[in-house]
Every structure is written in structure tokens, then in C-alpha cells.
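> Pasting in a structure now, in C-alpha cells, and then I'll have a few things to ask.
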Amino acid sequence: MPPVHPGALLADAAARWGTPLYVTDLDAAAARLHGYADAFPGALIAYAVKANPDPQLLRRLVAEGAGVEVVTAVELALARRAGCPPERLVMNGVGKRDEEIRLALEAGALVNAESLHELGVLLRTAAGHDAPRIGLRLNPALDAETHPHLATGAGGSKFGIPLAQLPQALRLVREAGIGLESVGAHVGSALESAEPYAALAERLAEAAAIASAAGLPPARIDLGGGLLVADDAALDALADAVRSHLPDAARLILEPGRSVVADAGWLLTRVVRVQPRPAEGLAYLVADAGMTELIRPMLYGATHPVSLVVPGARLEVDGGGEVHLAGPICEAGDILVRCLERSLTAEELAGAGPGAVLAIGRAGAYGAAMASVYNGRLRPAEVVLEAGEARLSRRRETLDDLLSRDA
Ligand SMILES: Cc1ncc(COP(=O)(O)O)c(C=O)c1O
């Protein structure tokens with residue numbers, strides 16, 4: 001089922017702040033967070049800020065009890081700025097610079113090493129700290145069913161310490177005389193089923209047992225993120241998949257990103273032009289948003305629901321056929337939604353000519369977060385909805401913002 005969107009608020013937001021525009025419903029995101037907290041009582045739910053670092057979203061989630069999972073010093077700074085207390089900060093990242101490791105330890109974050117080399121740096125840096133919080137991000141060697149670019153837990157991916165190297169990693173930690181707070185892994189992203197989490201939980205329970213036997217019992221087990229959606233049924237299935245191997249929910253860390261915010265966000269875009277291709281039996285609606293504002297369709301072949309928010313000119317397309325929603329970017333692959341006739345009724349499609357405002361759904365995650373300025377595109381404004389009111393969270397980027405970097 002495509003997410004329901006508050007149409008009138010979106011139409012008002014488009015009129016007030018222009019398009020393209022990101023809109024995020026903070027109440028919907030907070031409800032997803034609470035869904036996780038209810039399914040895993042006492043667990044640390046560390047929102048993966050990479051999914052959507054909107055400052056007001058982050059502040060709201062932290063105020064509702066979320067921790068924050070970060071992968072860079074900048075994300076760490078954003079999390080702290082949003083008020084996240086040290087005990088709720090978790091840092092991952094396969095290429096953390098030494099300086100970033102130092103900053104994260106100083107901030108009191110749990111820092112997960114992703115390779116033996118990085119573990120060496122982490123342990124040396126930790127030696128100067130009072131109570132360093134160290135974890136191991138393992139590579140669980142699980143081929144979850146998802147796009148290859150999202151299969152971060154596969155054995156051949158660049159992420160995490162291979163399970164075969166766990167004894168060596170534990171030896172390094174023991175020799176450093178530092179405790180181990182956590183073992184964890186991230187099985188992959190955009191997972192439609194909770195099934196891979198059963199195998200993940202089993203492997204992490206084994207890893208924790210090995211660590212305990214080596215004199216380093218980890219207080220916490222980190223299951224990463226990865227669910228595509230986190231409705232009640234999906235969370236029940238996730239909790240069931242994990243429970244038999246890891247019964248103590250309060251010991252767990254979860255790092256959901258996409259499933260907290262994807263359904264809570266829309267990208268509003270206005271149709272600028274119609275590009276008919278009668279010989280090919282198709283037409284493009286060219287909009288004012290493209291791969292620079294939402295790269296997921298191009299990057300992962302992701303599909304997004306679309307709805308008509310404000311009708312525009314009557315659409316005249318000779319001979320019917322397929323109608324694709326394209327962006328204005330100079331890339332042939334810059335197609336946001338294929339076959340609009342599957343998402344819109346015939347009447348809606350007929351009203352989707354130039355001037356129409358469309359809402360692209362499930363755009364709350366990895367939309368604004370992955371926006372770029374390619375082709376001289378200025379990043380859109382971000383608006384948040386809370387208690388039925390819309391307000392600006394980030395203004396639209398300007399030419400002066402871009403020029404301000406020039407030496
Ligand atoms: C270590 C880690 N945790 C959490 C996440 C968030 O994943 P998702 O947005 O799929 O929940 C990712 C995504 O790349 C990740 O690599």
C-alpha cells in the first residue's frame with residue numbers, strides 16, 4: 001500500500017516554498033521509532049542519520065528517545081547538535097579517518113571497528129581515554145535478498161571484520177586491556193523480509209559467545225538497520241526472528257534509517273514540460289526534480305509511488321502509451337518514476353500536464369540526504385510537518401551558497 005499523504009498540507013507547502021521541495025512528517029517518523037521501541041523494549045534504537053539528516057527531524061527523534069548512528073565526524077556533530085547524549089551515540093564507517101575516531105571517542109560514542117587495521121588505530125587512540133567504548137562490526141557473510149549495492153552484509157562486501165578474524169580481533173582488544181562493549185553487523189538495506197535477521201541473530205549470538213569465552217563479554221549486540229518498512233507486522237516478524245537467538249531485547253542496539261523516515265517523506269515536484277515520443281509510443285513528463293534530488297531510482301532501480309497534489313494543464317499525449325516522469329538532468333537515466341499510468345488514475349494523469357505538482361512518496365530516506373548540485377542544481381528547501389502544521393527546516397540553497405566556497 002502506498003503511504004497516505006496529507007494532500008492539502010503538501011499543496012500549501014508547494015505554493016509557499018516552491019518546488020522541488022522535501023517534506024517530512026515528524027509525527028509519522030516518531031511513530032515508527034516508537035514502533036521499534038515497543039517491539040524491542042529497552043533496546044537502543046540508534047537512528048541512522050545518513051537516511052535523512054534534517055535537523056528538526058533529528059532533534060525530534062532524539063527528544064523521543066532515539067540514539068543516533070553516524071559514520072563521519074560531521075554526522076557526529078549533527079547528532080550532538082540535536083542533543084543526543086553520548087551513551088546513545090554509535091559510530092560505524094569502513095574508512096573512518098584517525099581524526100574521526102579520536103573525535104568519536106572524545107564524544108563518548110560507541111565506536112565500531114570495521115577491520116583489524118582500524119581496530120589497531122582505535123585501540124591505540126582509546127589508550128588515552130578514561131572509559132573508551134569499543135565495538136566490533138562484523139561481516140556476517142549473509143546474502144540477503146536485495147539490490148547488490150545494498151547487500152552490505154555479503155561476504156564479498158567491503159564492510160565489517162570477517163567472522164574468521166574474530167579471534168584475532170579479540171586478541172588485539174584483550175592485549176590493549178580494554179573492554180568490548182558490542183559486537184554487531186548490518187545485514188543489508190531495503191530488506192523486504194525479516195528472515196535474514198534470524199541468521200544474523202544466530203551469528204551474532206555465536207560471536208558474543210566466542211567473545212565471552214575469550215574474556216570479553218559484550219554488553220550489547222548490534223543488529224544494524226535494513227528493513228524496508230517497519231509497520232507493526234514487519235516489526236513483529238523482526239522481533240520473532242531475533243528472539244530465539246537473542247532473547248534479551250534490552251541488550252540490543254538497532255540502527256534503522258530508511259524504515260523510520262522513508263514513508264514519512266515526500267519530494268514535491270512540478271511538471272515543467274511534456275516531451276512526446278509518438279513513434280516509440282511513450283511520453284515524458286519533465287519535472288523540476290530529478291536524480292539530483294532523488295537518486296534512488298537510478299542508483300538502485302528503486303520504485304516510488306506518485307500522486308497528483310495540484311492539477312496542471314491538460315495533458316495531450318498523442319496515441320496514449322506509457323508516460324514516464326523524468327528529471328531535467330543531462331543523463332538519459334534520469335527517470336524518477338516509470339509508467340505513471342500505473343500510479344495515477346486516467347483522470348489524474350490527464351491533469352498532470354505542465355504546472356501540475358506531483359508528490360513522490362517514500363522519499364523521506366536517502367532523498368535529501370543524497371542530493372547533489374550536479375548540473376548546477378541548488379539543493380531544495382526542506383519542510384517538516386508536525387501536529388498538522390508545516391514549517392521550514394532548511395531553506396533552499398542559493399547561488400551565493402555555492403559561490404561562497406570559491407577561493
Ligand atoms: C552500519 C549501518 N547501520 C545502519 C544503516 C541504515 O540502514 P537502513 O537505512 O537500510 O535501515 C546502514 C546503511 O547503510 C549501515 O551501513
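By order in the C-alpha cells, chains are A, B, ...; within a chain, residues start at 1; ligands start at 1, following the order shown.
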Please extract the residues at most 7 Å from ligand 1, counting only C-alpha atoms and all ligand atoms, and provide them as a ChimeraX atom specification, using the chain letters and residue numbers of this document.
/A:48,51,69,92,152,185-186,188-190,224-228,255-259
> Could you give me the residues within region 271-362 of chain A that DSSP places in alpha helix (DSSP H), as a ChimeraX atom specification?
/A:296-300,346-350
> Determine, using only C-alpha atoms, which residues of region 239-283 of chain A have any atom at most 8 Å from an atom of region 341-365 of chain A, and tabulate each with its shortest atom pair and distance in Å to one decimal place, rows ordered by chain and then rising number, as a tab-separated table.

residue	atom	partner	partner_atom	distance
A:Gly257	CA	A:Ala365	CA	7.2
A:Arg258	CA	A:Ala365	CA	5.1
A:Val261	CA	A:Gly364	CA	5.1
A:Ala262	CA	A:Gly364	CA	4.0
A:Asp263	CA	A:Arg362	CA	4.4
A:Ala264	CA	A:Gly364	CA	5.7
A:Gly265	CA	A:Gly364	CA	3.6
A:Trp266	CA	A:Gly361	CA	4.8
A:Leu267	CA	A:Ile360	CA	5.1
A:Leu268	CA	A:Ala359	CA	4.6
A:Thr269	CA	A:Leu358	CA	5.4
A:Arg270	CA	A:Val357	CA	4.4
A:Val271	CA	A:Pro354	CA	4.8
A:Val272	CA	A:Pro354	CA	5.0
A:Arg273	CA	A:Pro354	CA	5.5
A:Val274	CA	A:Gly353	CA	7.0
> So which bits of region 1-86 of chain A end up strand (DSSP E or B) when you DSSP the backbone, as a PyMOL selection string?
chain A and resi 21-25+44-48+67-70
> For region 35-40 of chain A, please output as a PDB file with C-alpha atoms, in the first residue's frame all residues within 12 Å (counting only C-alpha atoms; exclusion window: fewer than 4 positions along the same chain).

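The resulting file, result_11.pdb, is reproduced below:
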ATOM      1  CA  ALA A  28       4.983   9.752  11.333  1.00  0.00           C
ATOM      2  CA  ALA A  29       8.736   9.259  11.814  1.00  0.00           C
ATOM      3  CA  ALA A  30       8.359   9.401  15.620  1.00  0.00           C
ATOM      4  CA  ALA A  31       5.585   6.782  15.408  1.00  0.00           C
ATOM      5  CA  LEU A  44      18.864   1.361  21.990  1.00  0.00           C
ATOM      6  CA  ILE A  45      17.269   2.479  18.733  1.00  0.00           C
ATOM      7  CA  ALA A  46      20.059   4.439  17.076  1.00  0.00           C
ATOM      8  CA  TYR A  47      18.522   6.197  14.083  1.00  0.00           C
ATOM      9  CA  LEU A  61      13.766  11.706  17.152  1.00  0.00           C
ATOM     10  CA  GLU A  64      11.660  10.894  21.619  1.00  0.00           C
ATOM     11  CA  GLY A  65      14.494   8.725  22.943  1.00  0.00           C
ATOM     12  CA  ALA A  66      16.411   7.746  19.814  1.00  0.00           C
ATOM     13  CA  GLY A  67      20.141   7.316  19.691  1.00  0.00           C
ATOM     14  CA  LEU A 223      21.716  -5.756  14.719  1.00  0.00           C
ATOM     15  CA  GLY A 225      19.362  -1.463  10.282  1.00  0.00           C
ATOM     16  CA  LEU A 227      14.247  -3.126   6.995  1.00  0.00           C
ATOM     17  CA  VAL A 229       9.299  -0.838   6.050  1.00  0.00           C
ATOM     18  CA  ALA A 230       8.693  -1.012   9.778  1.00  0.00           C
ATOM     19  CA  ASP A 231       4.943  -1.363  10.132  1.00  0.00           C
ATOM     20  CA  ASP A 232       3.628  -3.415  13.058  1.00  0.00           C
ATOM     21  CA  ALA A 233       3.663  -6.678  11.081  1.00  0.00           C
ATOM     22  CA  ALA A 234       7.262  -6.177   9.927  1.00  0.00           C
ATOM     23  CA  LEU A 235       8.434  -5.299  13.439  1.00  0.00           C
ATOM     24  CA  ASP A 236       6.657  -8.315  14.936  1.00  0.00           C
ATOM     25  CA  ALA A 237       8.357 -10.504  12.330  1.00  0.00           C
ATOM     26  CA  LEU A 238      11.719  -8.897  13.107  1.00  0.00           C
ATOM     27  CA  ALA A 239      11.328  -9.385  16.856  1.00  0.00           C
ATOM     28  CA  ASP A 240      10.279 -13.020  16.293  1.00  0.00           C
ATOM     29  CA  ALA A 241      13.263 -13.655  14.007  1.00  0.00           C
ATOM     30  CA  VAL A 242      15.700 -12.332  16.586  1.00  0.00           C
ATOM     31  CA  ARG A 243      14.161 -13.586  19.855  1.00  0.00           C
ATOM     32  CA  LEU A 246      18.924 -13.131  21.376  1.00  0.00           C
ATOM     33  CA  PRO A 247      16.106 -13.188  23.940  1.00  0.00           C
ATOM     34  CA  ASP A 248      17.174 -10.125  25.950  1.00  0.00           C
ATOM     35  CA  ALA A 249      15.845  -7.166  23.926  1.00  0.00           C
ATOM     36  CA  ALA A 250      17.345  -4.651  26.372  1.00  0.00           C
ATOM     37  CA  ARG A 251      20.797  -5.809  25.304  1.00  0.00           C
ATOM     38  CA  LEU A 252      20.206  -4.931  21.662  1.00  0.00           C
ATOM     39  CA  ILE A 253      21.118  -1.963  19.515  1.00  0.00           C
ATOM     40  CA  LEU A 254      19.189  -1.397  16.288  1.00  0.00           C
ATOM     41  CA  GLU A 255      20.230   1.138  13.672  1.00  0.00           C
ATOM     42  CA  PRO A 256      17.206   1.702  11.424  1.00  0.00           C
ATOM     43  CA  GLY A 257      17.373   4.519   8.909  1.00  0.00           C
ATOM     44  CA  SER A 259      12.261   2.331   7.721  1.00  0.00           C
ATOM     45  CA  VAL A 260      11.932   5.234  10.190  1.00  0.00           C
TER      46      VAL A 260
END
